[in-house]
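J.: To be precise about what I am sending: the file is called target.pdb and holds PDB, C-alpha atoms.
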ATOM      1  CA  MET D   1     139.475 138.226 166.683
ATOM      2  CA  THR D   2     138.356 141.837 166.200
ATOM      3  CA  PHE D   3     140.019 144.476 164.013
ATOM      4  CA  THR D   4     139.298 148.183 163.744
ATOM      5  CA  LEU D   5     138.156 149.791 160.523
ATOM      6  CA  LYS D   6     141.393 151.776 160.521
ATOM      7  CA  GLU D   7     143.379 148.518 160.496
ATOM      8  CA  LEU D   8     141.295 147.038 157.685
ATOM      9  CA  SER D   9     141.402 150.198 155.572
ATOM     10  CA  GLU D  10     145.190 150.198 155.861
ATOM     11  CA  LEU D  11     145.238 146.508 154.945
ATOM     12  CA  VAL D  12     143.371 147.134 151.680
ATOM     13  CA  GLY D  13     144.902 150.526 150.929
ATOM     14  CA  GLY D  14     141.511 152.236 150.914
ATOM     15  CA  GLU D  15     140.028 155.577 151.938
ATOM     16  CA  LEU D  16     138.077 155.327 155.189
ATOM     17  CA  LEU D  17     134.928 157.421 155.585
ATOM     18  CA  GLY D  18     133.511 156.902 159.057
ATOM     19  CA  ASP D  19     134.595 155.790 162.517
ATOM     20  CA  PRO D  20     138.165 154.416 162.444
ATOM     21  CA  ARG D  21     137.635 152.792 165.870
ATOM     22  CA  ALA D  22     134.612 150.702 164.809
ATOM     23  CA  GLY D  23     135.256 147.032 165.545
ATOM     24  CA  ILE D  24     134.940 144.344 162.866
ATOM     25  CA  LYS D  25     134.790 140.707 163.904
ATOM     26  CA  ASP D  26     133.510 138.976 160.745
ATOM     27  CA  VAL D  27     132.453 139.302 157.096
ATOM     28  CA  ALA D  28     128.999 138.802 155.573
ATOM     29  CA  GLU D  29     126.892 139.191 152.437
ATOM     30  CA  ILE D  30     125.395 142.652 152.204
ATOM     31  CA  GLN D  31     121.795 141.402 152.498
ATOM     32  CA  ASN D  32     122.570 139.453 155.684
ATOM     33  CA  ALA D  33     125.267 141.555 157.386
ATOM     34  CA  MET D  34     124.877 142.484 161.046
ATOM     35  CA  PRO D  35     126.592 144.986 163.390
ATOM     36  CA  GLY D  36     130.263 144.154 163.824
ATOM     37  CA  GLU D  37     130.490 142.703 160.291
ATOM     38  CA  ILE D  38     131.985 144.163 157.115
ATOM     39  CA  THR D  39     130.486 143.584 153.674
ATOM     40  CA  PHE D  40     131.105 144.797 150.122
ATOM     41  CA  LEU D  41     129.273 146.196 147.112
ATOM     42  CA  GLY D  42     130.869 144.641 144.046
ATOM     43  CA  ASN D  43     127.784 144.620 141.828
ATOM     44  CA  ASP D  44     125.255 147.434 141.445
ATOM     45  CA  LYS D  45     122.314 145.027 141.515
ATOM     46  CA  TYR D  46     122.959 144.655 145.261
ATOM     47  CA  ARG D  47     122.921 148.400 145.844
ATOM     48  CA  LYS D  48     119.299 148.218 147.016
ATOM     49  CA  PHE D  49     120.462 146.389 150.155
ATOM     50  CA  ILE D  50     122.327 149.457 151.400
ATOM     51  CA  LYS D  51     118.977 150.673 152.744
ATOM     52  CA  THR D  52     118.373 147.518 154.797
ATOM     53  CA  THR D  53     121.786 146.105 155.697
ATOM     54  CA  GLU D  54     122.969 146.343 159.296
ATOM     55  CA  ALA D  55     126.649 145.985 158.391
ATOM     56  CA  GLU D  56     129.181 147.922 160.409
ATOM     57  CA  ALA D  57     130.928 148.965 157.195
ATOM     58  CA  ILE D  58     130.788 148.479 153.431
ATOM     59  CA  ILE D  59     133.693 148.238 150.992
ATOM     60  CA  VAL D  60     132.798 150.174 147.829
ATOM     61  CA  HIS D  61     134.481 151.371 144.651
ATOM     62  CA  LYS D  62     136.304 154.688 144.876
ATOM     63  CA  ASP D  63     133.695 156.283 142.571
ATOM     64  CA  PHE D  64     130.760 155.256 144.768
ATOM     65  CA  ASP D  65     128.467 158.280 145.242
ATOM     66  CA  GLY D  66     126.096 156.979 147.927
ATOM     67  CA  GLU D  67     126.146 157.363 151.692
ATOM     68  CA  TYR D  68     126.543 154.960 154.612
ATOM     69  CA  LYS D  69     127.785 155.325 158.171
ATOM     70  CA  ASN D  70     131.141 153.612 157.474
ATOM     71  CA  LEU D  71     132.674 153.150 154.027
ATOM     72  CA  ILE D  72     136.041 152.001 152.709
ATOM     73  CA  LYS D  73     136.594 153.220 149.153
ATOM     74  CA  VAL D  74     139.019 151.192 147.017
ATOM     75  CA  ASP D  75     140.132 150.665 143.422
ATOM     76  CA  ASN D  76     139.280 146.957 143.375
ATOM     77  CA  VAL D  77     136.337 145.957 145.588
ATOM     78  CA  ASN D  78     136.647 142.192 145.143
ATOM     79  CA  LEU D  79     140.363 142.206 145.903
ATOM     80  CA  ALA D  80     139.889 144.353 149.007
ATOM     81  CA  PHE D  81     137.118 142.124 150.330
ATOM     82  CA  SER D  82     139.273 139.065 149.673
ATOM     83  CA  LEU D  83     142.039 140.561 151.829
ATOM     84  CA  CYS D  84     139.556 141.232 154.631
ATOM     85  CA  LEU D  85     138.185 137.713 154.299
ATOM     86  CA  SER D  86     141.670 136.234 154.715
ATOM     87  CA  LYS D  87     142.287 138.437 157.744
ATOM     88  CA  LEU D  88     138.998 137.802 159.516
ATOM     89  CA  ARG D  89     138.578 134.140 158.565
ATOM     90  CA  PRO D  90     142.047 132.600 158.409
ATOM     91  CA  GLN D  91     142.337 129.231 156.694
ATOM     92  CA  ILE D  92     142.554 125.930 158.559
ATOM     93  CA  PRO D  93     146.018 125.720 160.133
ATOM     94  CA  LYS D  94     148.495 123.678 158.133
ATOM     95  CA  ASN D  95     149.050 120.140 159.415
ATOM     96  CA  PRO D  96     152.297 119.678 161.328
ATOM     97  CA  PRO D  97     155.006 117.814 159.391
ATOM     98  CA  SER D  98     154.463 114.074 159.625
ATOM     99  CA  ILE D  99     154.062 110.863 157.637
ATOM    100  CA  HIS D 100     151.070 108.769 158.614
ATOM    101  CA  LYS D 101     151.795 105.164 159.556
ATOM    102  CA  THR D 102     149.412 103.866 156.846
ATOM    103  CA  ALA D 103     151.136 105.764 154.030
ATOM    104  CA  ILE D 104     153.146 103.695 151.549
ATOM    105  CA  VAL D 105     156.294 105.539 150.496
ATOM    106  CA  ALA D 106     158.781 103.881 148.132
ATOM    107  CA  LYS D 107     162.357 103.644 149.369
ATOM    108  CA  THR D 108     163.622 105.497 146.303
ATOM    109  CA  ALA D 109     161.196 108.424 146.743
ATOM    110  CA  ILE D 110     162.830 111.732 147.678
ATOM    111  CA  LEU D 111     161.123 113.576 150.499
ATOM    112  CA  GLY D 112     161.800 117.207 151.400
ATOM    113  CA  ASN D 113     161.626 118.894 154.765
ATOM    114  CA  ASP D 114     158.467 119.890 156.651
ATOM    115  CA  ILE D 115     156.120 117.755 154.553
ATOM    116  CA  PHE D 116     152.788 116.241 155.550
ATOM    117  CA  ILE D 117     151.708 112.866 154.151
ATOM    118  CA  GLY D 118     148.273 111.726 155.268
ATOM    119  CA  PRO D 119     146.615 108.341 155.726
ATOM    120  CA  HIS D 120     146.753 105.779 152.898
ATOM    121  CA  VAL D 121     148.815 107.991 150.592
ATOM    122  CA  VAL D 122     150.899 106.069 148.035
ATOM    123  CA  ILE D 123     154.150 107.539 146.726
ATOM    124  CA  GLU D 124     155.885 105.460 144.075
ATOM    125  CA  ASP D 125     159.565 104.970 143.178
ATOM    126  CA  HIS D 126     161.677 108.027 142.349
ATOM    127  CA  ALA D 127     158.842 110.447 143.084
ATOM    128  CA  VAL D 128     159.913 113.785 144.581
ATOM    129  CA  ILE D 129     157.979 115.602 147.293
ATOM    130  CA  GLU D 130     159.504 119.046 147.839
ATOM    131  CA  ASN D 131     159.781 121.090 151.027
ATOM    132  CA  GLY D 132     156.557 122.059 152.776
ATOM    133  CA  ALA D 133     154.218 120.031 150.552
ATOM    134  CA  SER D 134     151.011 118.613 152.058
ATOM    135  CA  ILE D 135     149.469 115.452 150.622
ATOM    136  CA  TYR D 136     146.154 114.499 152.186
ATOM    137  CA  ALA D 137     144.506 111.101 152.576
ATOM    138  CA  ASN D 138     144.242 108.620 149.709
ATOM    139  CA  CYS D 139     146.336 110.600 147.236
ATOM    140  CA  TYR D 140     148.571 108.815 144.731
ATOM    141  CA  VAL D 141     151.878 110.107 143.349
ATOM    142  CA  GLY D 142     153.141 107.946 140.506
ATOM    143  CA  HIS D 143     156.606 106.818 139.494
ATOM    144  CA  SER D 144     158.946 109.816 139.007
ATOM    145  CA  GLY D 145     156.146 112.282 139.728
ATOM    146  CA  ARG D 146     156.959 115.567 141.405
ATOM    147  CA  VAL D 147     155.002 117.662 143.906
ATOM    148  CA  GLY D 148     156.422 121.176 144.287
ATOM    149  CA  ALA D 149     157.295 123.076 147.429
ATOM    150  CA  ASN D 150     154.344 124.216 149.571
ATOM    151  CA  THR D 151     151.857 122.572 147.233
ATOM    152  CA  LEU D 152     148.657 121.126 148.689
ATOM    153  CA  LEU D 153     146.949 118.007 147.337
ATOM    154  CA  TYR D 154     143.528 117.544 148.910
ATOM    155  CA  PRO D 155     142.208 113.988 149.478
ATOM    156  CA  ASN D 156     141.909 111.583 146.536
ATOM    157  CA  VAL D 157     144.071 113.467 144.040
ATOM    158  CA  THR D 158     145.841 111.217 141.520
ATOM    159  CA  LEU D 159     149.147 112.244 139.960
ATOM    160  CA  TYR D 160     150.248 109.765 137.297
ATOM    161  CA  HIS D 161     153.837 108.804 136.533
ATOM    162  CA  LYS D 162     156.362 111.477 135.471
ATOM    163  CA  CYS D 163     153.878 114.327 135.907
ATOM    164  CA  ILE D 164     155.071 117.552 137.527
ATOM    165  CA  VAL D 165     153.106 119.859 139.810
ATOM    166  CA  GLY D 166     154.925 123.122 140.572
ATOM    167  CA  GLU D 167     155.259 125.024 143.817
ATOM    168  CA  ASN D 168     152.471 126.791 145.717
ATOM    169  CA  ASN D 169     149.734 124.898 143.897
ATOM    170  CA  ILE D 170     146.371 123.771 145.261
ATOM    171  CA  ILE D 171     144.763 120.679 143.718
ATOM    172  CA  HIS D 172     141.274 119.805 144.952
ATOM    173  CA  SER D 173     139.762 116.387 145.589
ATOM    174  CA  GLY D 174     139.036 113.952 142.805
ATOM    175  CA  THR D 175     141.273 115.571 140.197
ATOM    176  CA  VAL D 176     143.321 113.269 137.962
ATOM    177  CA  ILE D 177     146.539 114.581 136.445
ATOM    178  CA  GLY D 178     148.262 112.606 133.713
ATOM    179  CA  SER D 179     145.593 110.175 132.539
ATOM    180  CA  ASP D 180     145.995 109.015 128.949
ATOM    181  CA  GLY D 181     144.911 111.398 126.244
ATOM    182  CA  TYR D 182     142.128 110.368 123.886
ATOM    183  CA  GLY D 183     144.450 108.922 121.267
ATOM    184  CA  PHE D 184     143.181 106.142 119.001
ATOM    185  CA  VAL D 185     143.432 105.173 115.343
ATOM    186  CA  ARG D 186     141.236 102.949 113.213
ATOM    187  CA  LYS D 187     142.795  99.746 111.906
ATOM    188  CA  ASP D 188     140.512  97.872 109.526
ATOM    189  CA  ASP D 189     137.446  97.067 111.638
ATOM    190  CA  THR D 190     139.154  97.656 114.990
ATOM    191  CA  ILE D 191     140.552 100.579 116.973
ATOM    192  CA  GLU D 192     144.201 100.753 118.077
ATOM    193  CA  LYS D 193     145.411 102.793 121.023
ATOM    194  CA  ILE D 194     148.104 105.417 120.378
ATOM    195  CA  PRO D 195     150.619 105.352 123.254
ATOM    196  CA  GLN D 196     150.503 108.517 125.367
ATOM    197  CA  THR D 197     154.172 109.037 126.213
ATOM    198  CA  GLY D 198     154.303 112.692 127.245
ATOM    199  CA  LYS D 199     153.488 114.120 130.660
ATOM    200  CA  VAL D 200     151.657 116.970 132.380
ATOM    201  CA  VAL D 201     153.585 120.008 133.597
ATOM    202  CA  ILE D 202     151.765 122.409 135.920
ATOM    203  CA  LYS D 203     153.622 125.624 136.692
ATOM    204  CA  LYS D 204     153.642 127.504 140.025
ATOM    205  CA  ASP D 205     150.712 129.238 141.793
ATOM    206  CA  VAL D 206     148.056 127.231 139.946
ATOM    207  CA  GLU D 207     144.765 126.168 141.544
ATOM    208  CA  ILE D 208     142.724 123.302 140.096
ATOM    209  CA  GLY D 209     139.195 122.551 141.284
ATOM    210  CA  SER D 210     137.657 119.200 142.117
ATOM    211  CA  ASN D 211     137.081 116.369 139.648
ATOM    212  CA  CYS D 212     139.125 117.785 136.788
ATOM    213  CA  SER D 213     140.852 115.554 134.236
ATOM    214  CA  ILE D 214     144.117 116.705 132.720
ATOM    215  CA  ASP D 215     145.469 114.329 130.084
ATOM    216  CA  ARG D 216     149.149 113.703 129.473
ATOM    217  CA  GLY D 217     150.650 114.516 126.094
ATOM    218  CA  THR D 218     151.044 112.008 123.297
ATOM    219  CA  ILE D 219     154.671 112.937 122.579
ATOM    220  CA  GLY D 220     155.162 116.408 124.059
ATOM    221  CA  ASP D 221     153.638 117.687 127.304
ATOM    222  CA  THR D 222     150.325 119.121 128.402
ATOM    223  CA  VAL D 223     151.165 122.419 130.142
ATOM    224  CA  ILE D 224     149.222 124.700 132.478
ATOM    225  CA  GLY D 225     150.856 128.098 132.955
ATOM    226  CA  LYS D 226     151.744 130.046 136.066
ATOM    227  CA  GLY D 227     148.876 131.411 138.150
ATOM    228  CA  THR D 228     146.082 129.889 136.075
ATOM    229  CA  LYS D 229     142.874 128.936 137.926
ATOM    230  CA  LEU D 230     140.681 126.020 136.854
ATOM    231  CA  ASP D 231     137.180 125.538 138.239
ATOM    232  CA  ASN D 232     135.574 122.128 138.952
ATOM    233  CA  HIS D 233     134.783 119.508 136.309
ATOM    234  CA  ILE D 234     137.123 120.658 133.557
ATOM    235  CA  GLN D 235     138.600 118.424 130.841
ATOM    236  CA  VAL D 236     142.012 119.356 129.421
ATOM    237  CA  GLY D 237     143.009 117.184 126.468
ATOM    238  CA  HIS D 238     146.430 115.888 125.523
ATOM    239  CA  ASN D 239     149.126 118.340 124.433
ATOM    240  CA  VAL D 240     147.007 121.361 125.374
ATOM    241  CA  LYS D 241     149.064 124.425 126.283
ATOM    242  CA  ILE D 242     147.404 126.939 128.620
ATOM    243  CA  GLY D 243     149.168 130.231 129.333
ATOM    244  CA  LYS D 244     149.610 132.142 132.556
ATOM    245  CA  TYR D 245     146.916 133.734 134.741
ATOM    246  CA  CYS D 246     143.927 132.330 132.869
ATOM    247  CA  PHE D 247     140.442 131.851 134.349
ATOM    248  CA  ILE D 248     138.614 128.710 133.169
ATOM    249  CA  ALA D 249     135.140 128.074 134.597
ATOM    250  CA  GLY D 250     133.384 124.782 135.312
ATOM    251  CA  GLN D 251     132.437 122.116 132.769
ATOM    252  CA  THR D 252     134.694 123.521 130.084
ATOM    253  CA  GLY D 253     136.209 120.976 127.705
ATOM    254  CA  ILE D 254     139.408 121.664 125.779
ATOM    255  CA  ALA D 255     140.271 119.221 123.012
ATOM    256  CA  GLY D 256     143.788 118.045 122.258
ATOM    257  CA  SER D 257     146.667 120.160 120.932
ATOM    258  CA  THR D 258     144.882 123.467 121.464
ATOM    259  CA  THR D 259     146.978 126.441 122.576
ATOM    260  CA  ILE D 260     145.513 129.074 124.905
ATOM    261  CA  GLY D 261     147.390 132.332 125.487
ATOM    262  CA  ASP D 262     147.916 134.359 128.656
ATOM    263  CA  TYR D 263     145.187 136.143 130.694
ATOM    264  CA  VAL D 264     142.359 134.337 128.885
ATOM    265  CA  THR D 265     138.902 134.116 130.496
ATOM    266  CA  ILE D 266     136.703 131.141 129.585
ATOM    267  CA  ALA D 267     133.198 131.000 131.065
ATOM    268  CA  GLY D 268     131.269 127.858 132.031
ATOM    269  CA  GLN D 269     130.353 124.973 129.722
ATOM    270  CA  VAL D 270     132.525 126.143 126.849
ATOM    271  CA  GLY D 271     133.623 123.532 124.321
ATOM    272  CA  ILE D 272     136.888 124.157 122.473
ATOM    273  CA  GLY D 273     137.869 122.084 119.446
ATOM    274  CA  GLY D 274     141.303 120.610 118.909
ATOM    275  CA  HIS D 275     144.361 122.022 117.133
ATOM    276  CA  ILE D 276     143.297 125.668 117.353
ATOM    277  CA  GLU D 277     144.834 128.766 118.949
ATOM    278  CA  ILE D 278     143.147 131.111 121.422
ATOM    279  CA  GLY D 279     145.036 134.413 121.635
ATOM    280  CA  SER D 280     146.046 136.159 124.851
ATOM    281  CA  ARG D 281     143.427 138.242 126.715
ATOM    282  CA  VAL D 282     140.546 136.595 124.849
ATOM    283  CA  VAL D 283     137.174 136.336 126.629
ATOM    284  CA  ILE D 284     134.784 133.493 125.738
ATOM    285  CA  GLY D 285     131.161 133.639 126.892
ATOM    286  CA  ALA D 286     129.332 130.771 128.608
ATOM    287  CA  LYS D 287     128.133 127.745 126.598
ATOM    288  CA  SER D 288     130.088 128.802 123.530
ATOM    289  CA  GLY D 289     131.389 126.322 120.959
ATOM    290  CA  ILE D 290     134.815 127.255 119.608
ATOM    291  CA  SER D 291     135.661 125.619 116.293
ATOM    292  CA  LYS D 292     138.356 127.958 114.967
ATOM    293  CA  SER D 293     141.210 130.105 116.238
ATOM    294  CA  ILE D 294     140.500 133.436 117.955
ATOM    295  CA  PRO D 295     142.813 136.453 117.570
ATOM    296  CA  GLU D 296     144.276 138.145 120.619
ATOM    297  CA  GLY D 297     142.059 140.392 122.743
ATOM    298  CA  GLU D 298     138.676 139.486 121.244
ATOM    299  CA  PHE D 299     135.382 138.598 122.977
ATOM    300  CA  TRP D 300     133.569 135.630 121.397
ATOM    301  CA  PHE D 301     130.228 134.076 122.204
ATOM    302  CA  GLY D 302     127.652 131.623 120.866
ATOM    303  CA  TYR D 303     127.384 128.235 119.195
ATOM    304  CA  PRO D 304     129.159 128.141 116.873
ATOM    305  CA  ALA D 305     130.982 131.077 118.421
ATOM    306  CA  SER D 306     131.661 134.359 116.675
ATOM    307  CA  PRO D 307     132.746 137.842 117.810
ATOM    308  CA  TYR D 308     130.357 139.094 120.493
ATOM    309  CA  LYS D 309     128.775 141.911 118.468
ATOM    310  CA  VAL D 310     128.142 139.560 115.564
ATOM    311  CA  ALA D 311     126.733 136.872 117.866
ATOM    312  CA  THR D 312     124.308 139.235 119.603
ATOM    313  CA  ARG D 313     123.012 140.519 116.239
ATOM    314  CA  GLN D 314     122.462 136.929 115.129
ATOM    315  CA  ILE D 315     120.565 136.112 118.320
ATOM    316  CA  ALA D 316     118.438 139.232 117.947
ATOM    317  CA  SER D 317     117.612 138.238 114.358
ATOM    318  CA  ILE D 318     116.609 134.717 115.411
ATOM    319  CA  ARG D 319     114.266 136.100 118.058
ATOM    320  CA  MET D 320     112.576 138.220 115.388
ATOM    321  CA  ILE D 321     111.719 135.188 113.227
ATOM    322  CA  PRO D 322     108.251 134.496 114.758
ATOM    323  CA  GLU D 323     107.236 138.124 114.224
ATOM    324  CA  MET D 324     108.640 138.116 110.676
ATOM    325  CA  LYS D 325     106.748 134.898 109.969
ATOM    326  CA  GLU D 326     103.446 136.484 110.991
ATOM    327  CA  ARG D 327     104.166 139.540 108.877
ATOM    328  CA  LEU D 328     104.896 137.337 105.860
ATOM    329  CA  ARG D 329     101.571 135.573 106.375
ATOM    330  CA  GLU D 330      99.765 138.912 106.361
ATOM    331  CA  ILE D 331     101.578 139.943 103.175
ATOM    332  CA  GLU D 332     100.665 136.621 101.542
ATOM    333  CA  LYS D 333      96.992 137.176 102.450
ATOM    334  CA  LEU D 334      97.055 140.633 100.848
ATOM    335  CA  ILE D 335      98.682 139.276  97.707
ATOM    336  CA  ASN D 336      96.135 136.457  97.459
ATOM    337  CA  LYS D 337      93.231 138.950  97.773
ATOM    338  CA  LYS D 338      94.645 141.066  94.950
ATOM    339  CA  ASP D 339      94.998 137.993  92.735
ATOM    340  CA  LEU D 340      91.315 137.223  93.284
TER
END
For the structure just supplied, provide its representation as structure tokens.
T.:
Amino acid sequence: MTFTLKELSELVGGELLGDPRAGIKDVAEIQNAMPGEITFLGNDKYRKFIKTTEAEAIIVHKDFDGEYKNLIKVDNVNLAFSLCLSKLRPQIPKNPPSIHKTAIVAKTAILGNDIFIGPHVVIEDHAVIENGASIYANCYVGHSGRVGANTLLYPNVTLYHKCIVGENNIIHSGTVIGSDGYGFVRKDDTIEKIPQTGKVVIKKDVEIGSNCSIDRGTIGDTVIGKGTKLDNHIQVGHNVKIGKYCFIAGQTGIAGSTTIGDYVTIAGQVGIGGHIEIGSRVVIGAKSGISKSIPEGEFWFGYPASPYKVATRQIASIRMIPEMKERLREIEKLINKKDL
């Protein structure tokens, strides 16, 4: 399907500079874009490709000072391109409501209207599947679990007993919600398991990537707040509380009973210790190790992590050590000569 630049500029609320009748049939990366395709410039390091791209149009920030035959200037480039992407490449159509003949659904389960249940899905006693939910092949919904309205579980998602997934969520393949938290206690020369009797509560509009593990609480609940987005391969320990609209990137591990505020951004491979508090609007750089609480609004980085300005000074000092070592050797030589 083809749209005009005028239609797309109105869609994103941008200022069109160029031919409003130009036809756009697809999206592309700026270095590979061809006529009839729209691209975007969200990072200045790609600006060099403006000279070579064959794109029909480019979405740029409103302060962009360069020239191109067709531009759409916007406040938020990534958001505008996302809207165009959804328009030009609509998602796979939703499966029509049905329950596959191989699915096993307990008689006491409560099923809403317009739901899709795929092959080999298992839904246990007293589970609730709300209106419009889609549960793909080989998923498991445990006893008294709940899947919210219009939520999508991709194949091989496991939802343990009593766990709650809110409405409009997307859970990707391989994710396990409600596994036991890492609760053990030493008893003489053995180790005893601490019963994990809480649950997991995931609020609305959350997206969780593939192969994540979200542990149930020991007594209270593990909670993921509204609108939060988890990448792939993330571990969330028992009784963790994550606020609303957080970004958490891949391979992050969050130990038990940690509280994370709202609008927090956590980059990849971050390790967060247990029983600490991360304030709202905190940013944590990649590969950081967090061993103590972080006040609201701060940017921390490093291992062990510290405020960004402190961490960068420390790194700069470490890199100077070889040079300082050579200088000390030269000083020692001069001192030794004087002693002779």
J.: Go through D:Ala22, D:Trp300, D:Gln269, D:Ala109 one by one, measure the shortest atom-to-atom distance of each to D:Ala286 using all atoms listed in the file, and give the residue with the smallest value.
T.: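 Looking at the shortest contact to D:Ala286, the residue is D:Gln269.
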J.: Do a neighbour search on D:Thr258 at 10 Å with only C-alpha atoms, toss out local chain neighbours closer than 2 positions, and write the hits as a list in words.
T.: Thr222, Val236, Gly237, His238, Asn239, Val240, Lys241, Ile242, Ile254, Ala255, Gly256, Ile260, Ile272, Gly273, Gly274, His275, Ile276, Glu277, Ile278 and Ser293 of chain D
J.: Set the distance at 7 Å and use only C-alpha atoms: which residues neighbour D:Gly217 once local chain neighbours fewer than 3 positions away are removed? I'd like the list as number ranges by chain.
T.: D: 181, 196-200, 220-222, 238-239
J.: Generate a file of the selected residues that holds C-alpha atoms, formatted as a PDB file, in the coordinates of the input.
T.:
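For reference, result13.pdb as written:
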ATOM      1  CA  GLY D 181     144.911 111.398 126.244  1.00  0.00           C
ATOM      2  CA  GLN D 196     150.503 108.517 125.367  1.00  0.00           C
ATOM      3  CA  THR D 197     154.172 109.037 126.213  1.00  0.00           C
ATOM      4  CA  GLY D 198     154.303 112.692 127.245  1.00  0.00           C
ATOM      5  CA  LYS D 199     153.488 114.120 130.660  1.00  0.00           C
ATOM      6  CA  VAL D 200     151.657 116.970 132.380  1.00  0.00           C
ATOM      7  CA  GLY D 220     155.162 116.408 124.059  1.00  0.00           C
ATOM      8  CA  ASP D 221     153.638 117.687 127.304  1.00  0.00           C
ATOM      9  CA  THR D 222     150.325 119.121 128.402  1.00  0.00           C
ATOM     10  CA  HIS D 238     146.430 115.888 125.523  1.00  0.00           C
ATOM     11  CA  ASN D 239     149.126 118.340 124.433  1.00  0.00           C
TER      12      ASN D 239
END
J.: Would you please work out which residue, of D:Gly285, D:Thr102, D:Pro96, D:Leu5, is nearest to D:Glu56 when using all atoms listed in the file?
T.: D:Leu5
J.: Which is closer to D:Leu159 than all the others in D:Glu296, D:Asp188, D:Asp215, D:Asp19, using all atoms listed in the file?
T.: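 Ranked by minimum distance to D:Leu159, first place goes to D:Asp215.
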J.: Determine the axis-aligned bounding box of all atoms of stretch 32-43 of chain D present in the file, pad each side by 3 Å, and express its centre and edge lengths in Å to one decimal place as JSON.
T.:
{"center_x": 127.3, "center_y": 142.8, "center_z": 152.8, "size_x": 15.4, "size_y": 12.7, "size_z": 28.0}
J.: For each of D:Ala133, D:Leu11, D:Leu41, D:Ala28, take the minimum atom-to-atom distance to D:Ile170, counting only C-alpha atoms, then give the residue where this is smallest.
T.: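 Looking at the shortest contact to D:Ile170, the residue is D:Ala133.
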J.: One decimal, Å: what's the distance from atom CA of D:Asp180 over to atom CA of D:Pro155, could you say?
T.: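 So the answer is 21.5 Å.
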J.: For a test of reading the model, state the distance in Å between atom CA of D:His172 and atom CA of D:Val157, rounded to one decimal.
T.: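 For atom CA of D:His172 relative to atom CA of D:Val157, the distance reads 7.0 Å.
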J.: Which residues are close to D:Arg281, i.e. within 10 Å by all atoms listed in the file, leaving aside same-chain residues fewer than 3 positions away? Reply as a compact mmCIF listing (two decimals) with C-alpha atoms, in the frame of the given file.
T.:
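selection_18.txt was written with the following content:
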# COMPACT_ATOMS: atom_id res chain seq x y z
CA TYR D 245 146.92 133.73 134.74
CA CYS D 246 143.93 132.33 132.87
CA ILE D 260 145.51 129.07 124.90
CA GLY D 261 147.39 132.33 125.49
CA ASP D 262 147.92 134.36 128.66
CA TYR D 263 145.19 136.14 130.69
CA VAL D 264 142.36 134.34 128.88
CA THR D 265 138.90 134.12 130.50
CA ILE D 278 143.15 131.11 121.42
CA ILE D 284 134.78 133.49 125.74
CA PRO D 295 142.81 136.45 117.57
CA GLU D 296 144.28 138.15 120.62
CA GLY D 297 142.06 140.39 122.74
CA GLU D 298 138.68 139.49 121.24
CA PHE D 299 135.38 138.60 122.98
J.: Would you please work out which residue, of D:Lys287, D:Arg319, D:Lys51, D:His143, is nearest to D:Ala305 when using all atoms listed in the file?
T.: D:Lys287
J.: So how many Å separate atom CA of D:Asp125 and atom CA of D:Tyr160, to one decimal?
T.: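 So the two atoms, atom CA of D:Asp125 and atom CA of D:Tyr160, lie 12.0 Å apart.
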J.: What residues come out when you apply the PyMOL selection byres ((chain D and resi 72) around 6) to this file, written as an mmCIF file with C-alpha atoms, in the frame of the given file?
T.:
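Wrote expr35.cif, looks like this:
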data_model
loop_
_atom_site.group_PDB
_atom_site.id
_atom_site.type_symbol
_atom_site.label_atom_id
_atom_site.label_comp_id
_atom_site.auth_asym_id
_atom_site.auth_seq_id
_atom_site.Cartn_x
_atom_site.Cartn_y
_atom_site.Cartn_z
ATOM 1 C CA GLY D 14 141.511 152.236 150.914
ATOM 2 C CA GLU D 15 140.028 155.577 151.938
ATOM 3 C CA LEU D 16 138.077 155.327 155.189
ATOM 4 C CA ILE D 59 133.693 148.238 150.992
ATOM 5 C CA LEU D 71 132.674 153.150 154.027
ATOM 6 C CA LYS D 73 136.594 153.220 149.153
#
J.: Distance cut-off 7 Å, centre (131.8, 122.9, 117.2) in file coordinates, counting only C-alpha atoms: which residues qualify? Return them as a tab-separated table (two decimals) with C-alpha atoms, keeping the file's coordinate frame.
T.:
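That gives us result-v1.tsv:
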chain	number	residue	atom	x	y	z
D	273	GLY	CA	137.87	122.08	119.45
D	289	GLY	CA	131.39	126.32	120.96
D	290	ILE	CA	134.82	127.26	119.61
D	291	SER	CA	135.66	125.62	116.29
D	304	PRO	CA	129.16	128.14	116.87
J.: Skip D:Lys6 itself and residues of its chain fewer than 4 positions away, then list as a list of chain:residue names all residues within 8 Å of it, counting only C-alpha atoms.
T.: D:Glu10, D:Leu16, D:Pro20, D:Arg21
J.: Give as a list in words the residues that the PyMOL selection byres ((chain D and resi 27) around 6) matches when applied to the coordinates above.
T.: Asp26, Ala28, Glu37, Ile38 and Thr39 of chain D
J.: Export C-alpha atoms of the chosen residues as a tab-separated table (two decimals), in the frame of the given file?
T.:
chain	number	residue	atom	x	y	z
D	26	ASP	CA	133.51	138.98	160.74
D	28	ALA	CA	129.00	138.80	155.57
D	37	GLU	CA	130.49	142.70	160.29
D	38	ILE	CA	131.99	144.16	157.12
D	39	THR	CA	130.49	143.58	153.67
J.: For a quick check of your reading of the model, name the residues lying within 8 Å of the coordinate (148.3, 131.6, 141.0), counting all atoms listed in the file, and write them as a compact mmCIF listing (two decimals) with C-alpha atoms, in the frame of the given file.
T.:
# COMPACT_ATOMS: atom_id res chain seq x y z
CA ASN D 168 152.47 126.79 145.72
CA ASN D 169 149.73 124.90 143.90
CA LYS D 204 153.64 127.50 140.02
CA ASP D 205 150.71 129.24 141.79
CA VAL D 206 148.06 127.23 139.95
CA GLU D 207 144.76 126.17 141.54
CA LYS D 226 151.74 130.05 136.07
CA GLY D 227 148.88 131.41 138.15
CA THR D 228 146.08 129.89 136.07
CA LYS D 229 142.87 128.94 137.93
CA TYR D 245 146.92 133.73 134.74
